[in-house]
Amino acid sequence: MKYDEDTLVQETTADYLRHQLGWESEYSYNSEKFGKEGTLGRKDETEIVLTRYLGEALLKLNPGLPQEAYQAAIREITQPTVSQSLLHANREKYNLVKDGVQVSYRDERGALKRTRLRVFDFGNPEANHFLCVRELWIKGALYRRRADIVGFVNGLPLLFMELKNIHKDLRRAYGENLSDYKDTISHAFEHNGLIILGNGTTAKLGSLSSKYKHFREWKRLDEDEPGIVDMETLLKGVCSKTARRR
C-alpha cells in the first residue's frame with residue numbers, strides 16, 4: 001500500500017464518517033459518471049449542488065406539490081447569485097435555505113400559489129441525506145481543482161475538508177490549498193457552512209470568512225468531559241447527524 005495523503009488521511013476520514021457516523025460515501029477520482037443516472041447525478045464538473053438528492057429531499061419534506069414547485073425551488077437554490085463578493089453570496093444562499101425556499105406555482109385549477117419549501121429536516125436530523133465525496137473534481141470559470149472531501153446534506157455542499165498528511169502543519173492546508181480554492185472554484189463555497197482542516201491526528205474548524213488564526217479545535221463533546229484535542233473529537237462533535245445527549 002502506498003502511504004500517501006489519501007490512504008493515511010482522506011480514506012480514513014471518509015471511512016469514519018461512513019462507519020461511525022452513518023454518512024454515505026463515494027470516491028469519485030477519475031471514475032465519476034455524469035448524467036442524471038450517474039455517480040452523483042451531476043451533468044458535469046461545474047455543478048456543485050447535487051440536484052438529484054436535493055430534489056428527493058424537497059419531495060420528501062414537501063409532499064403533494066406539483067413538479068413545477070420543486071423545479072422552481074431547485075432553480076432558486078442553484079442559480080448564480082448577483083453578489084460579486086463570495087461572502088455575500090454565501091449569506092444569500094444561507095438565508096435562502098434556512099427558513100425554506102419561497103416559490104410560486106399554479107395549482108390544478110390554474111390559481112397562482114406561493115409557498116415555502118423546506119430544504120432540511122431540522123426536527124429530525126437523521127432524516128436528511130448525508131454524503132461525503134472524496135477527490136471530487138470541481139471546475140470553475142478558468143481552473144479545475146480536486147477537493148479532498150466535500151460533505152453534502154440533501155445535495156448541498158455544506159462541508160469542505162482540506163486534509164494533509166500526518167506530518168504536515170495545518171497552516172499549509174489553509175495557505176496553500178484553501179485560499180487557492182476560494183479563488184479558483186469559488187462557487188463551491190456559496191452554500192458552505194463549515195470548513196475543516198485536518199491531518200489525521202489534529203483538526204481545526206472554521207468558516208468561509210475565518211482567517212487561519214480563527215480556526216479552532218473541538219476540545220470536548222460534553223462540558224464535564226476532559227478535553228481531548230484530536231480529529232476524531234471534532235468529527236464527532238461537528239459531523240454527527242444528531243446532537244449528543246448527556
# chains A, B, ... in the order shown; residues from 1 in each chain; ligands from 1
>>> closest_atom_pairs(of="segment 164-186 of chain A", to="segment 141-145 of chain A", cutoff="10 Å", atoms="only C-alpha atoms", output="CSV")
residue,atom,partner,partner_atom,distance
A:Asn177,CA,A:Arg145,CA,9.8
A:Asp180,CA,A:Arg145,CA,9.2
A:Tyr181,CA,A:Arg145,CA,7.3
A:Asp183,CA,A:Tyr143,CA,9.4
A:Thr184,CA,A:Tyr143,CA,5.8
A:Ile185,CA,A:Arg145,CA,7.2
A:Ser186,CA,A:Ala141,CA,9.3
>>> residues_around(residues="Leu194 of chain A", least_positions_apart="3", cutoff="12 Å", atoms="only C-alpha atoms", output="list in words")
Asn90, Val150, Gly151, Phe152, Val153, Pro157, Leu158, Leu159, Phe160, Met161, Glu162, Phe189, Glu190, His191, Leu197, Lys204, Leu205, Gly206, Ser207, Leu208, Ser209, Ser210, Phe215, Arg216, Leu234, Leu235, Val238 and Cys239 of chain A
>>> closest_residue(among="A:Gln71, A:Gln20, A:Asn124, A:Ser85", to="Tyr105 of chain A", atoms="only C-alpha atoms")
A:Gln71
>>> closest_atom_pairs(of="segment 128-243 of chain A", to="segment 38-42 of chain A", cutoff="12 Å", atoms="only C-alpha atoms", output="tab-separated table")
residue	atom	partner	partner_atom	distance
A:Leu131	CA	A:Leu40	CA	10.0
A:Cys132	CA	A:Leu40	CA	11.0
A:Val133	CA	A:Leu40	CA	9.2
A:Arg134	CA	A:Leu40	CA	12.0
A:Leu136	CA	A:Leu40	CA	10.4
A:Trp137	CA	A:Arg42	CA	11.2
A:Ile138	CA	A:Arg42	CA	10.9
A:Phe152	CA	A:Leu40	CA	10.8
A:Gly155	CA	A:Leu40	CA	9.3
>>> atom_distance(atom1="atom CA of Ala73 of chain A", atom2="atom CA of Val103 of chain A")
6.2 Å
>>> residues_around(residues="Glu92 of chain A", least_positions_apart="6", cutoff="10 Å", atoms="only C-alpha atoms", output="number ranges by chain")
A: 77, 81-83, 86, 190-191
>>> write_last_selection(atoms="C-alpha atoms", output="PDB file, in the first residue's frame")
ATOM      1  CA  ILE A  77     -31.033  27.273  -4.847  1.00  0.00           C
ATOM      2  CA  THR A  81     -26.033  34.979  -7.201  1.00  0.00           C
ATOM      3  CA  VAL A  82     -25.730  38.602  -8.249  1.00  0.00           C
ATOM      4  CA  SER A  83     -23.236  39.286  -5.441  1.00  0.00           C
ATOM      5  CA  LEU A  86     -18.197  35.311  -2.194  1.00  0.00           C
ATOM      6  CA  GLU A 190     -21.538  29.553  -1.981  1.00  0.00           C
ATOM      7  CA  HIS A 191     -23.521  27.037   0.107  1.00  0.00           C
TER       8      HIS A 191
END
>>> closest_residue(among="A:Gly193, A:Gly175, A:Pro125, A:Gly198", to="Lys213 of chain A", atoms="only C-alpha atoms")
A:Gly175
>>> residues_around(residues="Ala72 of chain A", least_positions_apart="2", cutoff="9 Å", atoms="only C-alpha atoms", output="number ranges by chain")
A: 67-70, 74-77, 102-105
>>> write_last_selection(atoms="C-alpha atoms", output="short mmCIF file (atom, residue, chain, number, x, y, z; two decimals), in the first residue's frame")
data_model
loop_
_atom_site.label_atom_id
_atom_site.label_comp_id
_atom_site.auth_asym_id
_atom_site.auth_seq_id
_atom_site.Cartn_x
_atom_site.Cartn_y
_atom_site.Cartn_z
CA GLN A 67 -43.46 19.22 -10.12
CA GLU A 68 -43.31 22.89 -11.07
CA ALA A 69 -42.86 23.85 -7.41
CA TYR A 70 -39.92 21.52 -6.85
CA ILE A 74 -34.06 23.85 -7.31
CA ARG A 75 -33.58 26.79 -9.68
CA GLU A 76 -33.63 29.24 -6.79
CA ILE A 77 -31.03 27.27 -4.85
CA GLN A 102 -40.26 30.57 -1.40
CA VAL A 103 -41.67 29.57 -4.78
CA SER A 104 -44.69 30.33 -6.95
CA TYR A 105 -46.68 27.75 -8.89
#
>>> residues_around(residues="Leu163 of chain A", least_positions_apart="4", cutoff="8 Å", atoms="only C-alpha atoms", output="PDB file with C-alpha atoms, in the first residue's frame")
ATOM      1  CA  GLU A   5      -2.019  11.704   1.928  1.00  0.00           C
ATOM      2  CA  VAL A   9      -5.961  10.680   5.964  1.00  0.00           C
ATOM      3  CA  GLN A  10      -8.682  11.031   3.328  1.00  0.00           C
ATOM      4  CA  ASP A 148     -10.228  16.223  -0.704  1.00  0.00           C
ATOM      5  CA  ALA A 173      -3.794  23.351   4.243  1.00  0.00           C
ATOM      6  CA  LEU A 197      -8.568  21.490   8.145  1.00  0.00           C
ATOM      7  CA  GLY A 198      -7.089  18.185   9.288  1.00  0.00           C
ATOM      8  CA  ASN A 199      -4.078  15.897   9.118  1.00  0.00           C
ATOM      9  CA  GLY A 200      -5.474  12.720  10.623  1.00  0.00           C
TER      10      GLY A 200
END
>>> select_by_dssp(residues="segment 15-95 of chain A", states="strand (DSSP E)", output="list in words")
Glu24, Ser25, Glu26 and Tyr27 of chain A
>>> write_last_selection(atoms="N, CA and C atoms", output="mmCIF file, in the first residue's frame")
data_model
loop_
_atom_site.group_PDB
_atom_site.id
_atom_site.type_symbol
_atom_site.label_atom_id
_atom_site.label_comp_id
_atom_site.auth_asym_id
_atom_site.auth_seq_id
_atom_site.Cartn_x
_atom_site.Cartn_y
_atom_site.Cartn_z
ATOM 1 N N GLU A 24 -23.218 8.300 3.907
ATOM 2 C CA GLU A 24 -22.871 7.568 2.703
ATOM 3 C C GLU A 24 -21.541 8.119 2.196
ATOM 4 N N SER A 25 -20.830 7.325 1.418
ATOM 5 C CA SER A 25 -19.500 7.740 0.974
ATOM 6 C C SER A 25 -19.272 7.340 -0.483
ATOM 7 N N GLU A 26 -18.649 8.247 -1.239
ATOM 8 C CA GLU A 26 -18.302 7.985 -2.632
ATOM 9 C C GLU A 26 -16.868 8.428 -2.882
ATOM 10 N N TYR A 27 -16.175 7.661 -3.707
ATOM 11 C CA TYR A 27 -14.838 8.029 -4.166
ATOM 12 C C TYR A 27 -14.951 8.324 -5.657
#
>>> closest_residue(among="A:Arg116, A:Lys164, A:Arg109, A:His187", to="Ile48 of chain A", atoms="only C-alpha atoms")
A:His187
>>> closest_residue(among="A:Tyr174, A:Tyr94, A:Phe130, A:Phe122", to="Asn192 of chain A", atoms="only C-alpha atoms")
A:Tyr94
